[in-house]
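Enquirer: Structure supplied as start.txt; contents: compact mmCIF, N, CA and C atoms.
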# COMPACT_ATOMS: atom_id res chain seq x y z
N MET A 53 -1.96 -68.90 57.43
CA MET A 53 -3.08 -68.36 58.16
C MET A 53 -2.62 -67.28 59.13
N LYS A 54 -1.48 -67.55 59.83
CA LYS A 54 -0.97 -66.54 60.73
C LYS A 54 -0.60 -65.29 59.96
N ARG A 55 -0.06 -65.47 58.76
CA ARG A 55 0.34 -64.32 57.95
C ARG A 55 -0.87 -63.47 57.58
N ASN A 56 -1.97 -64.11 57.16
CA ASN A 56 -3.20 -63.37 56.82
C ASN A 56 -3.75 -62.62 58.03
N LYS A 57 -3.69 -63.26 59.20
CA LYS A 57 -4.19 -62.63 60.42
C LYS A 57 -3.36 -61.40 60.76
N VAL A 58 -2.04 -61.50 60.63
CA VAL A 58 -1.15 -60.39 60.94
C VAL A 58 -1.37 -59.26 59.94
N LEU A 59 -1.49 -59.58 58.66
CA LEU A 59 -1.72 -58.57 57.63
C LEU A 59 -3.07 -57.88 57.83
N THR A 60 -4.09 -58.65 58.14
CA THR A 60 -5.41 -58.09 58.34
C THR A 60 -5.44 -57.18 59.58
N THR A 61 -4.81 -57.61 60.64
CA THR A 61 -4.74 -56.80 61.85
C THR A 61 -3.95 -55.52 61.60
N GLY A 62 -2.82 -55.66 60.92
CA GLY A 62 -2.00 -54.49 60.59
C GLY A 62 -2.75 -53.51 59.72
N LEU A 63 -3.45 -54.01 58.70
CA LEU A 63 -4.24 -53.15 57.81
C LEU A 63 -5.37 -52.47 58.58
N GLY A 64 -6.02 -53.19 59.47
CA GLY A 64 -7.09 -52.63 60.29
C GLY A 64 -6.58 -51.51 61.20
N LEU A 65 -5.42 -51.73 61.82
CA LEU A 65 -4.83 -50.71 62.68
C LEU A 65 -4.44 -49.48 61.87
N MET A 66 -3.91 -49.68 60.68
CA MET A 66 -3.51 -48.56 59.83
C MET A 66 -4.74 -47.73 59.42
N VAL A 67 -5.83 -48.36 59.08
CA VAL A 67 -7.06 -47.65 58.72
C VAL A 67 -7.60 -46.89 59.92
N ALA A 68 -7.59 -47.52 61.09
CA ALA A 68 -8.09 -46.87 62.30
C ALA A 68 -7.24 -45.66 62.67
N LEU A 69 -5.93 -45.79 62.61
CA LEU A 69 -5.05 -44.67 62.93
C LEU A 69 -5.21 -43.53 61.93
N THR A 70 -5.38 -43.86 60.67
CA THR A 70 -5.59 -42.83 59.65
C THR A 70 -6.88 -42.05 59.95
N GLY A 71 -7.91 -42.74 60.34
CA GLY A 71 -9.17 -42.08 60.70
C GLY A 71 -9.02 -41.19 61.92
N VAL A 72 -8.29 -41.68 62.93
CA VAL A 72 -8.07 -40.89 64.14
C VAL A 72 -7.27 -39.63 63.82
N PHE A 73 -6.22 -39.76 63.03
CA PHE A 73 -5.42 -38.59 62.66
C PHE A 73 -6.24 -37.61 61.82
N GLY A 74 -7.08 -38.13 60.96
CA GLY A 74 -7.94 -37.25 60.15
C GLY A 74 -8.92 -36.47 61.00
N LEU A 75 -9.55 -37.13 61.96
CA LEU A 75 -10.49 -36.44 62.85
C LEU A 75 -9.77 -35.45 63.75
N THR A 76 -8.59 -35.79 64.21
CA THR A 76 -7.82 -34.88 65.04
C THR A 76 -7.44 -33.63 64.26
N ALA A 77 -7.05 -33.79 63.03
CA ALA A 77 -6.68 -32.64 62.19
C ALA A 77 -7.88 -31.73 61.97
N CYS A 78 -9.05 -32.29 61.72
CA CYS A 78 -10.25 -31.47 61.52
C CYS A 78 -10.70 -30.83 62.82
N GLY A 79 -10.56 -31.53 63.93
CA GLY A 79 -11.01 -31.03 65.21
C GLY A 79 -10.15 -29.92 65.77
N SER A 80 -8.91 -29.78 65.35
CA SER A 80 -8.05 -28.74 65.89
C SER A 80 -8.12 -27.45 65.10
N ASP A 81 -9.03 -27.34 64.18
CA ASP A 81 -9.20 -26.13 63.38
C ASP A 81 -9.79 -25.03 64.25
N ASP A 82 -9.02 -23.97 64.54
CA ASP A 82 -9.43 -22.93 65.49
C ASP A 82 -10.49 -21.99 64.98
N ASN A 83 -10.81 -21.99 63.69
CA ASN A 83 -11.79 -21.03 63.19
C ASN A 83 -13.20 -21.57 63.24
N GLY A 84 -13.43 -22.63 63.99
CA GLY A 84 -14.79 -23.12 64.18
C GLY A 84 -15.32 -23.91 63.01
N GLY A 85 -14.45 -24.45 62.20
CA GLY A 85 -14.88 -25.21 61.04
C GLY A 85 -14.91 -24.34 59.81
N GLY A 86 -15.34 -24.89 58.73
CA GLY A 86 -15.42 -24.11 57.50
C GLY A 86 -14.05 -23.95 56.87
N SER A 87 -13.97 -23.07 55.94
CA SER A 87 -12.76 -22.83 55.19
C SER A 87 -11.77 -22.01 56.00
N SER A 88 -10.50 -22.28 55.80
CA SER A 88 -9.48 -21.52 56.51
C SER A 88 -8.56 -20.81 55.53
N THR A 89 -9.11 -20.33 54.43
CA THR A 89 -8.30 -19.70 53.41
C THR A 89 -7.79 -18.34 53.83
N GLY A 90 -8.47 -17.66 54.75
CA GLY A 90 -8.03 -16.37 55.22
C GLY A 90 -8.40 -15.23 54.30
N SER A 91 -8.98 -15.52 53.15
CA SER A 91 -9.32 -14.46 52.21
C SER A 91 -10.82 -14.25 52.08
N GLU A 92 -11.57 -14.83 53.02
CA GLU A 92 -13.02 -14.69 52.95
C GLU A 92 -13.45 -13.27 53.30
N ALA A 93 -14.47 -12.79 52.66
CA ALA A 93 -15.01 -11.46 52.97
C ALA A 93 -15.77 -11.54 54.29
N PRO A 94 -15.65 -10.54 55.15
CA PRO A 94 -16.38 -10.57 56.40
C PRO A 94 -17.88 -10.45 56.17
N SER A 95 -18.66 -10.93 57.12
CA SER A 95 -20.11 -10.90 56.98
C SER A 95 -20.74 -10.17 58.15
N GLU A 96 -21.60 -9.21 57.87
CA GLU A 96 -22.28 -8.47 58.92
C GLU A 96 -23.63 -9.06 59.24
N SER A 97 -23.93 -10.23 58.69
CA SER A 97 -25.28 -10.77 58.75
C SER A 97 -25.85 -10.86 60.16
N ASP A 98 -25.02 -11.01 61.17
CA ASP A 98 -25.57 -11.16 62.51
C ASP A 98 -26.15 -9.86 63.07
N ILE A 99 -25.71 -8.69 62.60
CA ILE A 99 -26.28 -7.44 63.10
C ILE A 99 -26.91 -6.59 62.00
N THR A 100 -27.05 -7.15 60.82
CA THR A 100 -27.65 -6.41 59.71
C THR A 100 -29.03 -5.88 60.09
N GLU A 101 -29.86 -6.70 60.67
CA GLU A 101 -31.22 -6.29 61.02
C GLU A 101 -31.22 -5.15 62.05
N ASP A 102 -30.31 -5.24 63.03
CA ASP A 102 -30.22 -4.17 64.03
C ASP A 102 -29.83 -2.85 63.37
N LEU A 103 -28.85 -2.88 62.48
CA LEU A 103 -28.42 -1.66 61.80
C LEU A 103 -29.53 -1.11 60.90
N GLN A 104 -30.21 -2.00 60.19
CA GLN A 104 -31.30 -1.55 59.31
C GLN A 104 -32.45 -0.94 60.11
N ASN A 105 -32.76 -1.52 61.27
CA ASN A 105 -33.83 -0.97 62.11
C ASN A 105 -33.44 0.39 62.66
N ALA A 106 -32.18 0.56 63.07
CA ALA A 106 -31.71 1.85 63.57
C ALA A 106 -31.77 2.90 62.46
N ARG A 107 -31.33 2.52 61.26
CA ARG A 107 -31.38 3.44 60.12
C ARG A 107 -32.81 3.84 59.82
N ALA A 108 -33.74 2.88 59.86
CA ALA A 108 -35.15 3.17 59.59
C ALA A 108 -35.72 4.13 60.64
N ALA A 109 -35.33 3.96 61.89
CA ALA A 109 -35.83 4.86 62.95
C ALA A 109 -35.36 6.29 62.70
N VAL A 110 -34.09 6.45 62.32
CA VAL A 110 -33.56 7.79 62.04
C VAL A 110 -34.20 8.35 60.77
N ALA A 111 -34.30 7.54 59.72
CA ALA A 111 -34.88 8.01 58.45
C ALA A 111 -36.34 8.42 58.63
N ASP A 112 -37.09 7.66 59.41
CA ASP A 112 -38.49 8.00 59.67
C ASP A 112 -38.61 9.33 60.41
N ALA A 113 -37.71 9.53 61.39
CA ALA A 113 -37.74 10.79 62.15
C ALA A 113 -37.39 11.96 61.24
N LEU A 114 -36.43 11.78 60.36
CA LEU A 114 -36.04 12.86 59.44
C LEU A 114 -37.13 13.12 58.40
N ALA A 115 -37.90 12.10 58.07
CA ALA A 115 -38.99 12.29 57.11
C ALA A 115 -40.06 13.20 57.71
N GLU A 116 -40.23 13.14 59.02
CA GLU A 116 -41.19 14.00 59.72
C GLU A 116 -40.66 15.43 59.86
N ASP A 117 -39.36 15.55 60.18
CA ASP A 117 -38.75 16.87 60.39
C ASP A 117 -37.26 16.74 60.12
N ASP A 118 -36.82 17.28 58.99
CA ASP A 118 -35.42 17.12 58.60
C ASP A 118 -34.51 18.22 59.15
N SER A 119 -34.98 18.98 60.13
CA SER A 119 -34.17 20.06 60.69
C SER A 119 -33.26 19.61 61.83
N TRP A 120 -33.38 18.36 62.28
CA TRP A 120 -32.59 17.89 63.39
C TRP A 120 -31.13 17.67 62.98
N SER A 121 -30.20 18.09 63.85
CA SER A 121 -28.77 17.84 63.60
C SER A 121 -28.28 16.63 64.40
N GLN A 122 -29.09 16.18 65.37
CA GLN A 122 -28.79 14.99 66.15
C GLN A 122 -30.09 14.27 66.48
N ILE A 123 -30.02 12.97 66.41
CA ILE A 123 -31.14 12.14 66.83
C ILE A 123 -30.59 11.06 67.75
N MET A 124 -31.26 10.84 68.86
CA MET A 124 -30.83 9.83 69.82
C MET A 124 -31.75 8.62 69.71
N LEU A 125 -31.14 7.44 69.68
CA LEU A 125 -31.88 6.18 69.72
C LEU A 125 -31.92 5.72 71.16
N ALA A 126 -33.11 5.46 71.70
CA ALA A 126 -33.22 5.10 73.11
C ALA A 126 -34.34 4.09 73.33
N SER A 127 -34.11 3.21 74.28
CA SER A 127 -35.12 2.20 74.58
C SER A 127 -36.09 2.65 75.66
N ASP A 128 -35.87 3.83 76.24
CA ASP A 128 -36.72 4.28 77.34
C ASP A 128 -37.82 5.25 76.92
N VAL A 129 -38.09 5.35 75.62
CA VAL A 129 -39.20 6.18 75.13
C VAL A 129 -40.12 5.32 74.28
N ASP A 130 -41.41 5.68 74.29
CA ASP A 130 -42.39 4.92 73.51
C ASP A 130 -42.71 5.56 72.17
N SER A 131 -42.44 6.85 72.06
CA SER A 131 -42.69 7.58 70.82
C SER A 131 -41.64 8.69 70.71
N PRO A 132 -41.45 9.22 69.51
CA PRO A 132 -40.46 10.30 69.36
C PRO A 132 -40.76 11.44 70.33
N THR A 133 -39.71 11.85 71.03
CA THR A 133 -39.83 12.86 72.09
C THR A 133 -38.63 13.79 72.02
N GLU A 134 -38.85 15.06 72.33
CA GLU A 134 -37.73 15.98 72.39
C GLU A 134 -37.19 15.97 73.82
N LYS A 135 -35.93 15.57 73.95
CA LYS A 135 -35.24 15.55 75.24
C LYS A 135 -33.80 15.97 74.99
N TYR A 136 -33.21 16.55 75.99
CA TYR A 136 -31.79 16.88 75.91
C TYR A 136 -31.46 17.78 74.72
N GLY A 137 -32.43 18.53 74.22
CA GLY A 137 -32.22 19.40 73.08
C GLY A 137 -32.11 18.68 71.75
N MET A 138 -32.55 17.44 71.72
CA MET A 138 -32.54 16.67 70.46
C MET A 138 -33.76 15.78 70.42
N LEU A 139 -33.99 15.20 69.25
CA LEU A 139 -35.10 14.27 69.09
C LEU A 139 -34.65 12.89 69.57
N VAL A 140 -35.44 12.28 70.43
CA VAL A 140 -35.16 10.94 70.92
C VAL A 140 -36.24 10.01 70.37
N VAL A 141 -35.81 8.96 69.67
CA VAL A 141 -36.76 8.03 69.05
C VAL A 141 -36.59 6.64 69.67
N PRO A 142 -37.69 5.89 69.76
CA PRO A 142 -37.61 4.55 70.35
C PRO A 142 -36.81 3.59 69.47
N TYR A 143 -35.93 2.85 70.13
CA TYR A 143 -35.13 1.84 69.42
C TYR A 143 -34.46 0.93 70.44
N SER A 144 -34.51 -0.36 70.20
CA SER A 144 -33.79 -1.35 71.02
C SER A 144 -33.13 -2.34 70.07
N TYR A 145 -31.90 -2.72 70.37
CA TYR A 145 -31.21 -3.70 69.52
C TYR A 145 -31.32 -5.09 70.12
N SER A 146 -31.05 -6.08 69.29
CA SER A 146 -31.20 -7.48 69.69
C SER A 146 -29.93 -7.97 70.39
N ASP A 147 -29.95 -9.22 70.80
CA ASP A 147 -28.79 -9.85 71.43
C ASP A 147 -27.65 -10.06 70.46
N ALA A 148 -27.91 -9.94 69.16
CA ALA A 148 -26.85 -10.12 68.16
C ALA A 148 -25.85 -8.97 68.22
N ALA A 149 -26.26 -7.84 68.71
CA ALA A 149 -25.39 -6.67 68.82
C ALA A 149 -25.00 -6.44 70.27
N SER A 150 -23.75 -6.10 70.49
CA SER A 150 -23.34 -5.74 71.85
C SER A 150 -23.46 -4.23 72.06
N ARG A 151 -23.53 -3.48 70.95
CA ARG A 151 -23.67 -2.03 71.03
C ARG A 151 -24.19 -1.51 69.70
N VAL A 152 -25.07 -0.53 69.75
CA VAL A 152 -25.47 0.25 68.59
C VAL A 152 -25.37 1.71 69.02
N GLN A 153 -24.74 2.51 68.19
CA GLN A 153 -24.51 3.93 68.49
C GLN A 153 -25.81 4.59 68.90
N GLY A 154 -25.79 5.35 70.00
CA GLY A 154 -26.99 5.96 70.54
C GLY A 154 -27.31 7.33 69.99
N THR A 155 -26.30 8.17 69.80
CA THR A 155 -26.53 9.53 69.31
C THR A 155 -26.00 9.64 67.89
N ILE A 156 -26.88 9.98 66.98
CA ILE A 156 -26.56 10.02 65.55
C ILE A 156 -26.46 11.47 65.10
N ALA A 157 -25.31 11.85 64.55
CA ALA A 157 -25.12 13.20 64.01
C ALA A 157 -25.65 13.24 62.57
N ILE A 158 -26.46 14.24 62.28
CA ILE A 158 -27.04 14.42 60.95
C ILE A 158 -26.39 15.64 60.31
N ASP A 159 -25.85 15.48 59.12
CA ASP A 159 -25.21 16.60 58.42
C ASP A 159 -25.73 16.65 56.99
N GLY A 160 -26.65 17.57 56.74
CA GLY A 160 -27.22 17.67 55.40
C GLY A 160 -27.98 16.43 54.96
N GLY A 161 -28.60 15.76 55.90
CA GLY A 161 -29.35 14.54 55.59
C GLY A 161 -28.49 13.29 55.56
N LYS A 162 -27.19 13.44 55.75
CA LYS A 162 -26.27 12.29 55.73
C LYS A 162 -25.93 11.89 57.16
N PHE A 163 -25.84 10.58 57.39
CA PHE A 163 -25.49 10.07 58.71
C PHE A 163 -24.97 8.65 58.59
N THR A 164 -24.28 8.22 59.62
CA THR A 164 -23.87 6.82 59.75
C THR A 164 -24.20 6.37 61.16
N ILE A 165 -24.46 5.07 61.29
CA ILE A 165 -24.76 4.46 62.58
C ILE A 165 -23.84 3.26 62.72
N GLU A 166 -23.10 3.19 63.82
CA GLU A 166 -22.20 2.06 64.07
C GLU A 166 -22.82 1.08 65.04
N GLY A 167 -22.42 -0.18 64.90
CA GLY A 167 -22.85 -1.22 65.82
C GLY A 167 -21.79 -2.29 65.91
N ASP A 168 -21.70 -2.94 67.06
CA ASP A 168 -20.73 -4.01 67.29
C ASP A 168 -21.44 -5.35 67.35
N SER A 169 -20.89 -6.33 66.67
CA SER A 169 -21.41 -7.69 66.72
C SER A 169 -21.07 -8.33 68.06
N ALA A 170 -22.06 -8.89 68.72
CA ALA A 170 -21.83 -9.58 69.99
C ALA A 170 -21.03 -10.85 69.77
N ALA A 171 -21.20 -11.49 68.63
CA ALA A 171 -20.54 -12.75 68.35
C ALA A 171 -19.06 -12.58 68.01
N THR A 172 -18.74 -11.54 67.24
CA THR A 172 -17.37 -11.40 66.75
C THR A 172 -16.64 -10.18 67.28
N GLY A 173 -17.37 -9.21 67.82
CA GLY A 173 -16.75 -7.97 68.28
C GLY A 173 -16.43 -7.01 67.14
N THR A 174 -16.76 -7.38 65.93
CA THR A 174 -16.50 -6.55 64.76
C THR A 174 -17.46 -5.37 64.74
N THR A 175 -16.94 -4.20 64.38
CA THR A 175 -17.77 -3.00 64.30
C THR A 175 -18.19 -2.78 62.85
N TRP A 176 -19.48 -2.52 62.66
CA TRP A 176 -20.06 -2.29 61.34
C TRP A 176 -20.75 -0.94 61.35
N LYS A 177 -20.92 -0.34 60.18
CA LYS A 177 -21.67 0.91 60.10
C LYS A 177 -22.62 0.84 58.91
N ILE A 178 -23.71 1.59 59.06
CA ILE A 178 -24.69 1.71 57.98
C ILE A 178 -24.86 3.20 57.71
N ASP A 179 -25.00 3.56 56.45
CA ASP A 179 -25.20 4.97 56.13
C ASP A 179 -26.66 5.23 55.81
N GLN A 180 -26.97 6.49 55.49
CA GLN A 180 -28.36 6.89 55.24
C GLN A 180 -28.96 6.15 54.05
N ASP A 181 -28.13 5.63 53.16
CA ASP A 181 -28.63 4.90 51.98
C ASP A 181 -28.79 3.41 52.24
N GLY A 182 -28.39 2.93 53.42
CA GLY A 182 -28.51 1.52 53.75
C GLY A 182 -27.29 0.70 53.43
N LYS A 183 -26.18 1.35 53.02
CA LYS A 183 -24.96 0.61 52.72
C LYS A 183 -24.25 0.25 54.01
N ILE A 184 -23.97 -1.04 54.19
CA ILE A 184 -23.31 -1.54 55.39
C ILE A 184 -21.87 -1.89 55.05
N SER A 185 -20.95 -1.47 55.92
CA SER A 185 -19.54 -1.79 55.72
C SER A 185 -18.86 -1.96 57.07
N GLU A 186 -17.75 -2.69 57.06
CA GLU A 186 -16.99 -2.90 58.27
C GLU A 186 -16.17 -1.66 58.58
N VAL A 187 -16.09 -1.30 59.85
CA VAL A 187 -15.30 -0.16 60.28
C VAL A 187 -13.88 -0.66 60.51
N SER A 188 -12.92 -0.11 59.78
CA SER A 188 -11.53 -0.52 59.98
C SER A 188 -10.96 0.21 61.18
N LYS A 189 -10.12 -0.48 61.89
CA LYS A 189 -9.57 0.09 63.13
C LYS A 189 -8.24 0.73 62.91
Would you mind giving the structure from this file in structure tokens?

Expert:
Amino acid sequence: MKRNKVLTTGLGLMVALTGVFGLTACGSDDNGGGSSTGSEAPSESDITEDLQNARAAVADALAEDDSWSQIMLASDVDSPTEKYGMLVVPYSYSDAASRVQGTIAIDGGKFTIEGDSAATGTTWKIDQDGKISEVSK
């Protein structure tokens, strides 16, 4: 009987320690959970909407008048306005972005707009066709 009690206690302790070590190993994962393969493709999903809205604001302004070489995105105007020798269009980004480029250079109808993710600090850009890609440093 003493032998069964010792074996049962030992087996119980071994199972408990295995569980504790397993939870500790999962809990010390610095990437916030998920896979740690290191080969995952980056995701711009947190600022995609901000970049698409900025692109739409510029594209809409160019649809009205494609002669502009610069367009400024600003939160302090209610409608497209000419200021500072350029067209200023209303635009505000969400909390998902820490920055969205304010002055957009237009060259033959082509442009890119950059934005930084507030969550990751990663910089993304969108072009006139809506293609989003990460900006390499």

Enquirer: Could you please determine the separation between atom C of Ala170 (chain A) and atom N of Ser150 (chain A) in Å, to one decimal place?

Expert: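 Between these atoms lies a distance of 5.5 Å.
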
Enquirer: I need the residue nearest Gln122 (chain A) from this list: A:Ser188, A:Ser169, A:Thr155, A:Thr174. Use only N, CA and C atoms for the distance.

Expert: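 Between A:Ser188, A:Ser169, A:Thr155, A:Thr174, the residue approaching Gln122 (chain A) most closely is A:Thr155.
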
Enquirer: Hey, can you check how far CA of Ala171 (chain A) sits from atom C of Arg151 (chain A)?

Expert: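 Computed distance, CA of Ala171 (chain A) to atom C of Arg151 (chain A), equals 11.9 Å.
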
Enquirer: Under the rule that only C-alpha atoms are counted, which of A:Leu114, A:Ile156, A:Ala149, A:Ile184 is the nearest residue to Asp102 (chain A)?

Expert: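 Nearest to Asp102 (chain A): A:Ala149.
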
Enquirer: Taking (-28.3, 16.2, 61.5) in the coordinates of the supplied file, I want to know which residues reach to within 10 Å of it, counting only C-alpha atoms; could you give the answer as a ChimeraX atom specification?

Expert: /A:110,114,118-123,138,156-163

Enquirer: What is the atom C of Ala109 (chain A)-atom N of Asp130 (chain A) distance in Å, reported with one decimal?

Expert: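 Interatomic distance here is 13.1 Å.
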
Enquirer: Between A:Ile165, A:Ala113, A:Ala106, A:Ile178, which one has atoms that come closest to Thr133 (chain A), using only C-alpha atoms?

Expert: A:Ala113

Enquirer: Could you give me the axis-aligned bounding box of region 144-149 of chain A, with 4 Å of padding per side, as centre plus edge lengths in Å to one decimal, as JSON?

Expert:
{"center_x": -29.8, "center_y": -5.2, "center_z": 69.8, "size_x": 17.5, "size_y": 17.8, "size_z": 11.3}
